[in-house]
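*Asks:* Attaching a single structure in structure tokens format; questions to follow.
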Amino acid sequence: MAGAAARALLASAAELAAAGDAAAFGSPVACVYNPLQYARAAHRRYVTAYATEGVQAVFLGMNPGPFGMVQTGIPFGDVRAVTGWLGIAGGVEPPRRQHPARPVLGFACPRREVSGSRLWGLFAERFGTPDRFFAEHFVLNYCPLAFLGDTGRNITPDKLRGAAMRALIAACDRHLRAAVAALRPRWVVALGAYAERRARGALPEARQVIRLLHPSPASPRANAGWAEQATAALTAAGIWP
């Protein structure tokens with residue numbers, strides 16, 4: 001049975017999912033993936049199993065990667081990490097409208113999400129079991145929708161403008177505030193500059209926010225020992241002993 005924090009998160013996620021469906025994007029967006037809808041069963045399992053109030057830190061990503069949350073409904077949800085460490089498999093019904101270059105294969109997706117394998121790999125190595133990690137932490141995406149251009153290339157939220165994006169940003173802000181109210185973290189750990197900027201904008205009430213280097217393989221710095229750099233930053237901030 002879901003606890004109070006999980007129930008609050010799920011209710012807020014449902015509102016954000018509806019806002020995502022209502023947003024009408026034009027060019028350069030050719031296709032929008034809303035895993036809070038088509039992967040809601042998997043997402044519900046994640047939140048129900050692991051959302052706990054009074055955590056030390058919430059790790060905040062930007063938006064789904066094409067081989068991560070787009071496939072599994074779990075933030076940074078590399079298939080191998082989600083099935084092998086989090087113990088979640090199934091619960092994804094691919095959306096009717098898909099980009100041919102980016103099919104939603106769910107847990108049958110053979111591609112690795114490098115950012116997710118790095119993130120969850122660090123947590124698995126340090127904490128051993130999910131229960132030990134989630135007793136003190138949680139992982140969210142600020143904007144759980146993915147945006148694809150005509151060719152299927154990923155368009156990150158920081159590249160989008162216009163009324164539809166402003167309305168979605170407002171919904172994402174509400175979701176983040178609801179998540180923080182439910183989880184009551186001491187820290188919000190933003191993964192990358194965009195997540196930090198949105199966290200500071202949505203949470204002006206003296207919330208402790210720090211930024212980590214994003215684990216993306218597109219970052220030369222992240223490719224030079226991301227786990228070690230993240231561990232050093234979390235230790236220096238006093239989040240990890």
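Residues are referred to by chain and number: the chain letter is A, B, ... according to the order shown in the structure tokens, the number counts from 1 in that chain, and ligands are numbered separately from 1 in the order shown.
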Tell me, as a list in words, which residues lie within 10 Å of Arg44 (chain A), counting only C-alpha atoms; anything in the same chain fewer than 6 positions away does not count.

*Replies:*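 In the requested form, the answer reads Ala2, Ala6, Arg7, Leu9, Leu10, Ala13, Leu36, Tyr50, Gly73, Ile74 and Gly91 of chain A.
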
*Asks:* Can I get the selected residues back with N, CA and C atoms, as a compact mmCIF listing (two decimals), in the first residue's frame?

*Replies:*
# COMPACT_ATOMS: atom_id res chain seq x y z
N ALA A 2 0.50 2.24 -0.81
CA ALA A 2 1.28 3.47 -0.91
C ALA A 2 1.17 4.29 0.36
N ALA A 6 4.02 8.81 -1.18
CA ALA A 6 3.77 8.23 -2.50
C ALA A 6 2.43 8.67 -3.05
N ARG A 7 1.41 8.71 -2.22
CA ARG A 7 0.09 9.13 -2.70
C ARG A 7 0.12 10.57 -3.20
N LEU A 9 2.75 12.20 -4.34
CA LEU A 9 3.53 12.23 -5.57
C LEU A 9 2.72 11.72 -6.76
N LEU A 10 1.98 10.65 -6.56
CA LEU A 10 1.18 10.10 -7.65
C LEU A 10 0.07 11.04 -8.07
N ALA A 13 1.75 13.75 -10.04
CA ALA A 13 2.18 13.24 -11.34
C ALA A 13 1.00 13.12 -12.30
N LEU A 36 4.54 9.53 -18.21
CA LEU A 36 3.65 9.53 -17.05
C LEU A 36 2.29 8.95 -17.42
N TYR A 50 9.16 3.24 -3.37
CA TYR A 50 10.37 3.91 -2.90
C TYR A 50 10.21 5.33 -2.38
N GLY A 73 9.54 4.56 -17.87
CA GLY A 73 8.71 5.34 -16.96
C GLY A 73 9.38 5.71 -15.66
N ILE A 74 10.68 5.38 -15.52
CA ILE A 74 11.44 5.64 -14.29
C ILE A 74 12.49 6.70 -14.59
N GLY A 91 4.71 -2.87 -17.27
CA GLY A 91 3.91 -1.70 -16.94
C GLY A 91 4.05 -0.57 -17.94

*Asks:* Taking only region 20-213 of chain A into account, list the residues labelled alpha helix (DSSP H) by DSSP (computed from the backbone), as a count of residues only.

*Replies:* 75

*Asks:* Find the residue from A:Leu145, A:Ile88, A:Leu60, A:Cys172 that sits nearest to Tyr33 (chain A); use only C-alpha atoms when measuring.

*Replies:*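 For Tyr33 (chain A), the nearest of the candidates is A:Leu145.
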
*Asks:* Which of these residues is nearest to Val139 (chain A), using only C-alpha atoms: A:Leu183, A:Leu203, A:Ala11, A:Ala167?

*Replies:*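 The shortest atom-to-atom distance to Val139 (chain A) comes from A:Leu183.
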
*Asks:* Find the distance between CA of Ala30 (chain A) and CA of Leu148 (chain A) and write it in Å to one decimal.

*Replies:*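 So the answer is 5.8 Å.
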
*Asks:* Hey, which of A:Phe67, A:Phe127, A:Phe25, A:Tyr142 ends up closest to Met165 (chain A)? Count only C-alpha atoms.

*Replies:*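 Smallest separation from Met165 (chain A) among the options: A:Phe25.
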
*Asks:* Just checking: using only C-alpha atoms, which residue out of A:Thr129, A:Leu168, A:Met69, A:Gly225 ends up closest to Ala17 (chain A)?

*Replies:*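 Closest residue, counting only C-alpha atoms: A:Leu168.
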
*Asks:* Nearest to Ala51 (chain A) among A:Glu125, A:Asp150, A:Asp131, A:Glu93, with distances taken over only C-alpha atoms: which residue is it?

*Replies:*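 The shortest atom-to-atom distance to Ala51 (chain A) comes from A:Asp131.
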
*Asks:* Name the closest residue to Ala101 (chain A) among the candidates A:Asn154, A:Ser12, A:Gln37, A:Thr231; distances are taken between atoms, counting only C-alpha atoms.

*Replies:* A:Asn154

*Asks:* What does the distance from CA of Ser27 (chain A) to CA of Leu160 (chain A) come to in Å, to one decimal?

*Replies:*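 Between CA of Ser27 (chain A) and CA of Leu160 (chain A) the gap is 9.6 Å.
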